[in-house]
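Here is my_file_33.cif, consisting of mmCIF, C-alpha atoms:
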```
data_work
#
loop_
_atom_site.label_atom_id
_atom_site.label_comp_id
_atom_site.auth_asym_id
_atom_site.auth_seq_id
_atom_site.Cartn_x
_atom_site.Cartn_y
_atom_site.Cartn_z
CA MET A 1 -52.39 -10.37 24.52
CA LYS A 2 -51.37 -8.58 21.32
CA TYR A 3 -48.26 -6.76 20.15
CA THR A 4 -47.75 -3.46 18.37
CA PHE A 5 -44.74 -2.02 16.54
CA ARG A 6 -44.58 1.77 16.77
CA PRO A 7 -41.04 3.20 16.50
CA ASN A 8 -40.59 6.95 16.67
CA LEU A 9 -39.15 8.88 13.75
CA PHE A 10 -35.85 9.85 15.39
CA MET A 11 -34.97 6.28 16.42
CA THR A 12 -35.88 4.98 12.97
CA LEU A 13 -33.68 7.50 11.17
CA ALA A 14 -30.79 7.02 13.54
CA THR A 15 -30.97 3.24 13.17
CA LEU A 16 -31.07 3.44 9.38
CA VAL A 17 -28.08 5.79 9.24
CA VAL A 18 -25.93 3.62 11.49
CA MET A 19 -26.98 0.41 9.71
CA VAL A 20 -26.12 1.86 6.31
CA LEU A 21 -22.74 2.98 7.65
CA CYS A 22 -22.00 -0.49 9.07
CA ILE A 23 -23.00 -2.18 5.81
CA LYS A 24 -20.82 0.20 3.77
CA LEU A 25 -17.84 -0.45 6.01
CA GLY A 26 -18.44 -4.17 5.74
CA LEU A 27 -18.57 -3.99 1.94
CA TRP A 28 -15.40 -1.89 1.93
CA GLN A 29 -13.53 -4.54 3.90
CA TYR A 30 -15.01 -7.33 1.79
CA ASN A 31 -13.94 -5.60 -1.43
CA LYS A 32 -10.42 -5.15 -0.04
CA ALA A 33 -10.29 -8.88 0.69
CA GLU A 34 -11.41 -9.70 -2.85
CA LEU A 35 -8.84 -7.31 -4.33
CA LYS A 36 -5.99 -8.79 -2.29
CA GLN A 37 -7.07 -12.30 -3.24
CA ALA A 38 -7.06 -11.31 -6.92
CA LEU A 39 -3.58 -9.84 -6.55
CA GLN A 40 -2.39 -13.01 -4.82
CA THR A 41 -3.75 -15.07 -7.71
CA GLN A 42 -1.90 -12.82 -10.15
CA LEU A 43 1.32 -13.17 -8.14
CA ASN A 44 1.01 -16.97 -8.01
CA ALA A 45 0.69 -17.06 -11.78
CA ARG A 46 3.95 -15.07 -12.11
CA LEU A 47 6.08 -17.17 -9.77
CA GLY A 48 7.28 -19.62 -12.38
CA GLU A 49 8.05 -17.03 -15.06
CA PRO A 50 11.69 -16.19 -15.87
CA ALA A 51 12.99 -12.63 -15.61
CA VAL A 52 12.69 -10.51 -18.77
CA ALA A 53 14.55 -7.40 -19.84
CA LEU A 54 12.89 -4.20 -18.62
CA PRO A 55 11.51 -2.23 -21.61
CA ASP A 56 11.96 1.53 -21.96
CA LYS A 57 8.25 2.21 -21.70
CA ILE A 58 5.37 0.24 -20.20
CA SER A 59 1.93 1.36 -21.36
CA ASP A 60 -0.22 -1.23 -19.53
CA ILE A 61 1.26 -1.32 -16.06
CA GLU A 62 -1.34 -3.76 -14.71
CA ALA A 63 -0.19 -6.37 -17.23
CA TRP A 64 3.29 -6.10 -15.72
CA ARG A 65 2.34 -6.22 -12.04
CA TYR A 66 4.50 -8.81 -10.20
CA LYS A 67 6.40 -9.57 -13.41
CA ARG A 68 10.08 -10.38 -12.85
CA VAL A 69 12.42 -8.05 -14.71
CA LYS A 70 16.16 -7.50 -14.97
CA PHE A 71 18.22 -4.47 -15.93
CA ALA A 72 21.44 -2.67 -15.04
CA GLY A 73 22.23 0.88 -14.00
CA THR A 74 23.69 3.18 -11.35
CA TYR A 75 22.03 4.28 -8.09
CA ASP A 76 21.47 7.99 -7.46
CA THR A 77 21.16 8.47 -3.69
CA ARG A 78 20.51 12.22 -3.98
CA TYR A 79 16.85 11.44 -4.67
CA GLN A 80 16.47 8.49 -2.33
CA VAL A 81 13.32 8.09 -0.22
CA LEU A 82 12.90 6.29 3.11
CA LEU A 83 9.38 4.93 3.51
CA ASP A 84 8.39 5.18 7.19
CA ASN A 85 6.32 2.88 9.42
CA GLN A 86 7.58 -0.40 7.98
CA VAL A 87 7.64 -3.29 10.45
CA GLU A 88 9.84 -6.39 10.34
CA ASN A 89 9.44 -8.96 13.14
CA THR A 90 7.72 -6.35 15.36
CA VAL A 91 10.61 -3.88 14.86
CA ALA A 92 9.79 -0.51 13.27
CA GLY A 93 11.94 0.73 10.44
CA TYR A 94 12.04 2.00 6.88
CA HIS A 95 12.03 0.77 3.32
CA VAL A 96 14.87 2.23 1.26
CA LEU A 97 13.82 3.32 -2.23
CA THR A 98 16.69 4.44 -4.43
CA PRO A 99 16.31 5.67 -8.01
CA MET A 100 18.45 4.02 -10.66
CA GLN A 101 18.98 5.20 -14.20
CA VAL A 102 18.45 2.25 -16.47
CA GLU A 103 21.51 1.59 -18.59
CA GLY A 104 20.96 2.77 -22.16
CA SER A 105 17.73 4.60 -21.29
CA LYS A 106 16.69 8.08 -20.20
CA PHE A 107 14.26 6.64 -17.66
CA TYR A 108 14.87 6.02 -13.98
CA VAL A 109 13.33 3.27 -11.87
CA LEU A 110 12.74 3.34 -8.12
CA VAL A 111 14.29 0.23 -6.58
CA ASN A 112 12.99 -0.87 -3.18
CA ARG A 113 16.16 -2.23 -1.64
CA GLY A 114 14.44 -3.56 1.46
CA TRP A 115 13.97 -2.84 5.15
CA ILE A 116 16.37 -1.24 7.64
CA ALA A 117 15.71 -0.78 11.35
CA GLY A 118 14.88 2.59 12.89
CA SER A 119 16.14 3.90 16.22
CA ALA A 120 14.38 4.82 19.44
CA ASP A 121 15.25 8.50 19.02
CA ARG A 122 13.78 8.51 15.50
CA LYS A 123 17.11 9.48 14.01
CA VAL A 124 17.16 8.72 10.29
CA PRO A 125 19.43 5.70 9.64
CA VAL A 126 22.20 5.69 7.05
CA ALA A 127 21.57 3.35 4.12
CA ILE A 128 24.86 2.26 2.57
CA THR A 129 24.69 2.22 -1.23
CA PRO A 130 27.14 0.48 -3.59
CA GLN A 131 28.79 2.64 -6.22
CA GLY A 132 29.09 2.00 -9.93
CA ARG A 133 27.14 -0.27 -12.24
CA GLN A 134 24.72 -2.67 -10.58
CA GLU A 135 22.70 -5.52 -12.07
CA ILE A 136 19.12 -5.60 -10.81
CA GLU A 137 16.60 -8.41 -10.77
CA GLY A 138 13.26 -8.12 -9.04
CA ASP A 139 9.48 -7.95 -9.26
CA ILE A 140 7.42 -5.00 -10.43
CA SER A 141 5.19 -3.49 -7.75
CA VAL A 142 2.51 -0.88 -8.46
CA PRO A 143 2.08 1.57 -5.53
CA ALA A 144 -1.40 2.58 -4.48
CA ALA A 145 -2.68 5.75 -6.13
CA LYS A 146 -5.07 6.68 -3.31
CA PHE A 147 -4.27 6.86 0.38
CA PHE A 148 -4.82 9.07 3.40
CA THR A 149 -1.89 11.22 4.42
CA LEU A 150 -1.12 14.16 6.71
CA GLU A 151 2.05 15.04 4.82
CA GLU A 152 2.49 18.42 3.20
CA PRO A 153 1.88 18.54 -0.56
CA SER A 154 4.70 18.82 -3.04
CA PRO A 155 6.12 22.28 -3.70
CA LYS A 156 4.61 24.06 -6.69
CA ASP A 157 7.97 24.61 -8.35
CA GLY A 158 8.50 20.84 -8.54
CA LYS A 159 12.04 21.03 -7.19
CA TRP A 160 13.52 18.42 -4.88
CA GLN A 161 13.55 19.83 -1.35
CA GLN A 162 16.44 18.87 0.92
CA VAL A 163 14.43 20.06 3.93
CA TRP A 164 11.81 17.30 3.66
CA GLN A 165 12.91 15.57 6.87
CA ASP A 166 15.80 13.81 5.08
CA HIS A 167 13.28 12.47 2.55
CA VAL A 168 11.32 10.33 4.98
CA TRP A 169 7.85 9.81 3.52
CA GLN A 170 4.77 8.28 5.11
CA ASN A 171 3.39 7.02 1.78
CA LEU A 172 4.90 6.41 -1.62
CA ASP A 173 3.17 8.93 -3.87
CA MET A 174 4.57 8.30 -7.35
CA GLN A 175 2.96 11.42 -8.81
CA ARG A 176 4.52 13.55 -6.09
CA TYR A 177 7.88 11.90 -6.64
CA ALA A 178 7.76 12.31 -10.42
CA LYS A 179 6.98 16.02 -10.07
CA SER A 180 9.80 16.55 -7.56
CA VAL A 181 12.76 14.99 -9.34
CA PRO A 182 14.60 16.38 -12.39
CA PHE A 183 14.35 13.19 -14.45
CA ALA A 184 11.75 10.90 -16.01
CA VAL A 185 10.82 8.06 -13.67
CA GLN A 186 8.71 4.99 -14.30
CA SER A 187 5.35 4.78 -12.46
CA PHE A 188 6.22 1.54 -10.67
CA VAL A 189 8.72 0.20 -8.13
CA VAL A 190 10.97 -2.84 -8.47
CA HIS A 191 11.27 -4.97 -5.34
CA LEU A 192 14.86 -6.16 -5.28
CA ASP A 193 15.18 -9.93 -5.31
CA PRO A 194 16.23 -11.37 -1.90
CA LYS A 195 19.19 -13.12 -3.54
CA SER A 196 20.47 -10.00 -5.28
CA GLU A 197 23.76 -8.48 -4.11
CA ALA A 198 23.00 -5.02 -5.54
CA GLY A 199 22.95 -3.20 -2.20
CA GLY A 200 19.91 -4.80 -0.66
CA PHE A 201 18.75 -4.97 2.96
CA VAL A 202 16.11 -7.21 4.60
CA ARG A 203 13.74 -8.28 1.81
CA ASN A 204 10.93 -10.38 3.21
CA TRP A 205 8.33 -9.10 0.78
CA PRO A 206 4.84 -9.88 2.18
CA PRO A 207 2.42 -11.53 -0.29
CA PRO A 208 -0.65 -9.43 -1.19
CA GLY A 209 -3.03 -12.10 0.11
CA GLU A 210 -1.47 -12.16 3.54
CA ARG A 211 -4.35 -10.26 5.20
CA VAL A 212 -7.34 -11.58 3.26
CA SER A 213 -8.74 -13.38 6.31
CA MET A 214 -8.29 -10.25 8.43
CA HIS A 215 -10.33 -8.12 6.02
CA LEU A 216 -13.01 -10.79 5.81
CA GLY A 217 -13.18 -10.89 9.60
CA TYR A 218 -13.66 -7.13 9.76
CA ALA A 219 -16.33 -7.33 7.06
CA TYR A 220 -18.32 -9.97 8.98
CA GLN A 221 -18.01 -7.90 12.15
CA TRP A 222 -19.53 -4.83 10.47
CA PHE A 223 -22.33 -6.92 8.97
CA GLY A 224 -22.89 -8.42 12.41
CA PHE A 225 -23.13 -4.95 13.96
CA ALA A 226 -25.79 -4.00 11.39
CA LEU A 227 -27.82 -7.15 12.10
CA THR A 228 -27.51 -6.70 15.87
CA LEU A 229 -28.67 -3.10 15.59
CA LEU A 230 -31.71 -4.20 13.59
CA VAL A 231 -32.64 -6.82 16.23
CA ILE A 232 -32.26 -4.27 19.05
CA PHE A 233 -34.36 -1.73 17.13
CA ILE A 234 -37.18 -4.23 16.67
CA ALA A 235 -37.01 -5.47 20.28
CA LEU A 236 -37.20 -1.93 21.69
CA ASN A 237 -40.20 -0.95 19.60
CA VAL A 238 -42.39 -4.04 19.94
CA LYS A 239 -44.83 -3.46 22.81
CA LYS A 240 -47.47 -5.66 24.43
CA VAL A 241 -51.00 -4.39 24.20
CA GLU A 242 -53.28 -5.63 27.00
CA ARG A 243 -57.04 -5.72 26.54
#
```
Give the structure from the file, written as structure tokens.
Amino acid sequence: MKYTFRPNLFMTLATLVVMVLCIKLGLWQYNKAELKQALQTQLNARLGEPAVALPDKISDIEAWRYKRVKFAGTYDTRYQVLLDNQVENTVAGYHVLTPMQVEGSKFYVLVNRGWIAGSADRKVPVAITPQGRQEIEGDISVPAAKFFTLEEPSPKDGKWQQVWQDHVWQNLDMQRYAKSVPFAVQSFVVHLDPKSEAGGFVRNWPPPGERVSMHLGYAYQWFGFALTLLVIFIALNVKKVER
């Protein structure tokens, strides 16, 4: 009794395509896990650092990621954004991002004041904002530059549009925001410290390494699918040859 291995061309190509896709998806998830772990390491290194005064201009934003800063200014709710699809203890809601002009500077900074609950009828909630000068202390967060969105692009004239569903956004696109407002805004967001009294809401900021194990699990699943497909391909194309 002998065996022969004679796969047909179509099955071979189909198997290779699906295996390559599974491996790429596995590497994508693995790379996300590594990135989040690196960010968590960077955050851990910043935890013991004292807050520093926010400079007028930051050239190397990555060097300032998770750095604790402090500054003062006044909120401008006319250009406030509510970031949708934010969950706190299984309850859906929004993050409130309010621009603040830094005292003694021409630049504005987006301050993430925390989470507020949404309603069942999807009516936009009212975020109460304190008036006058506020002292801010918080950590610098750098929003993602690439993401998938179904939102309409920014208007070509760059003007702030009051008709944008009360400024509810699915993703925080800093380039879109900077082009839409009539002032210079920094390219980062400051997460308001949980102890601050400068008009904050629920501020349970999740650590970047919170889902490292989840991404690793997905990566191993995709690699497992590729290996399983290879075993099935070999098993289906190995035939007994009887003399």
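Nearest residue to A:Ala92, choosing from A:Gly118, A:Gly209, A:Gly132, A:Pro125 and counting all atoms listed in the file: A:Gly118.
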What is the distance, in Å and to one decimal place, between atom CA of A:Trp169 and atom CA of A:Tyr79?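 The value is 12.3 Å.
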So which residues fall inside 10 Å of (6.2, -15.0, -8.2) if we count all atoms listed in the file? Mind giving them as a ChimeraX atom specification? /A:40-50,66-68,138-139,207
I need the output of the PyMOL selection byres ((chain A and resi 201) around 10) for this file as a PyMOL selection string; which residues are they? chain A and resi 95-96+112-117+127-128+192+194+196-200+202-204
Point-to-point distance in Å for atom CA of A:Tyr75 and atom CA of A:Leu54: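 A separation of 16.3 Å between them.
With all atoms listed in the file as the atoms that count, the minimum distance from A:Ile23 to the choices A:Phe225, A:Phe71, A:Phe5, A:Phe188 is reached by A:Phe225.
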Quick one, how far is atom CA of A:Arg78 from atom CA of A:Asp121? 23.9 Å
Run the PyMOL selection byres ((chain A and resi 228-239) around 12) on the file and write out the hits as a VMD selection string. chain A and resid 1 to 23 220 to 227 240 to 242
Residue subset to file, keeping C-alpha atoms, as a PDB file, in the frame of the given file:
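Below you can see selection30.pdb, which holds the result:
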```pdb
ATOM      1  CA  MET A   1     -52.390 -10.370  24.520  1.00  0.00           C
ATOM      2  CA  LYS A   2     -51.370  -8.580  21.320  1.00  0.00           C
ATOM      3  CA  TYR A   3     -48.260  -6.760  20.150  1.00  0.00           C
ATOM      4  CA  THR A   4     -47.750  -3.460  18.370  1.00  0.00           C
ATOM      5  CA  PHE A   5     -44.740  -2.020  16.540  1.00  0.00           C
ATOM      6  CA  ARG A   6     -44.580   1.770  16.770  1.00  0.00           C
ATOM      7  CA  PRO A   7     -41.040   3.200  16.500  1.00  0.00           C
ATOM      8  CA  ASN A   8     -40.590   6.950  16.670  1.00  0.00           C
ATOM      9  CA  LEU A   9     -39.150   8.880  13.750  1.00  0.00           C
ATOM     10  CA  PHE A  10     -35.850   9.850  15.390  1.00  0.00           C
ATOM     11  CA  MET A  11     -34.970   6.280  16.420  1.00  0.00           C
ATOM     12  CA  THR A  12     -35.880   4.980  12.970  1.00  0.00           C
ATOM     13  CA  LEU A  13     -33.680   7.500  11.170  1.00  0.00           C
ATOM     14  CA  ALA A  14     -30.790   7.020  13.540  1.00  0.00           C
ATOM     15  CA  THR A  15     -30.970   3.240  13.170  1.00  0.00           C
ATOM     16  CA  LEU A  16     -31.070   3.440   9.380  1.00  0.00           C
ATOM     17  CA  VAL A  17     -28.080   5.790   9.240  1.00  0.00           C
ATOM     18  CA  VAL A  18     -25.930   3.620  11.490  1.00  0.00           C
ATOM     19  CA  MET A  19     -26.980   0.410   9.710  1.00  0.00           C
ATOM     20  CA  VAL A  20     -26.120   1.860   6.310  1.00  0.00           C
ATOM     21  CA  LEU A  21     -22.740   2.980   7.650  1.00  0.00           C
ATOM     22  CA  CYS A  22     -22.000  -0.490   9.070  1.00  0.00           C
ATOM     23  CA  ILE A  23     -23.000  -2.180   5.810  1.00  0.00           C
ATOM     24  CA  TYR A 220     -18.320  -9.970   8.980  1.00  0.00           C
ATOM     25  CA  GLN A 221     -18.010  -7.900  12.150  1.00  0.00           C
ATOM     26  CA  TRP A 222     -19.530  -4.830  10.470  1.00  0.00           C
ATOM     27  CA  PHE A 223     -22.330  -6.920   8.970  1.00  0.00           C
ATOM     28  CA  GLY A 224     -22.890  -8.420  12.410  1.00  0.00           C
ATOM     29  CA  PHE A 225     -23.130  -4.950  13.960  1.00  0.00           C
ATOM     30  CA  ALA A 226     -25.790  -4.000  11.390  1.00  0.00           C
ATOM     31  CA  LEU A 227     -27.820  -7.150  12.100  1.00  0.00           C
ATOM     32  CA  LYS A 240     -47.470  -5.660  24.430  1.00  0.00           C
ATOM     33  CA  VAL A 241     -51.000  -4.390  24.200  1.00  0.00           C
ATOM     34  CA  GLU A 242     -53.280  -5.630  27.000  1.00  0.00           C
TER      35      GLU A 242
END
```
Name all residues at most 6 Å from A:Glu137 (count only C-alpha atoms; drop same-chain ones fewer than 4 positions away) and give them as a list in words.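 Answer for this query is Val69, Lys70 and Asp193 of chain A.
In terms of minimum interatomic distance to A:Glu210, A:Gln37 ranks closest within A:Asn89, A:Thr98, A:Thr129, A:Gln37, counting only C-alpha atoms.
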Considering all atoms listed in the file, state which residue in the set A:Leu27, A:Thr74, A:Val168, A:Ile58 is at the smallest distance from A:Gly93. A:Val168
Which residue is closest to A:Glu135? Choose from A:Leu83, A:Leu172, A:Ala53, A:Ile61 and count only C-alpha atoms.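 Result for the nearest residue to A:Glu135: A:Ala53.
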For A:Asp173, which residue among A:Leu110, A:Val91, A:Val124, A:Ala38 is the nearest when counting all atoms listed in the file?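 Among the listed residues, A:Leu110 lies closest to A:Asp173.
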List every protein, DNA or RNA residue with an atom no more than 10 Å from (13.9, 11.6, -18.8) in the file's coordinates, counting only C-alpha atoms, and format the result as a list of chain:residue names. A:Gln101, A:Ser105, A:Lys106, A:Phe107, A:Tyr108, A:Pro182, A:Phe183, A:Ala184, A:Val185, A:Gln186
Take the PyMOL selection byres ((chain A and resi 216) around 12), apply it to the structure above, and return the hits as a list in words.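 Matching residues under the PyMOL selection byres ((chain A and resi 216) around 12) are Leu25, Gly26, Leu27, Trp28, Gln29, Tyr30, Asn31, Lys32, Ala33, Glu34, Leu35, Lys36, Gln37, Gly209, Glu210, Arg211, Val212, Ser213, Met214, His215, Gly217, Tyr218, Ala219, Tyr220, Gln221, Trp222 and Phe223 of chain A.
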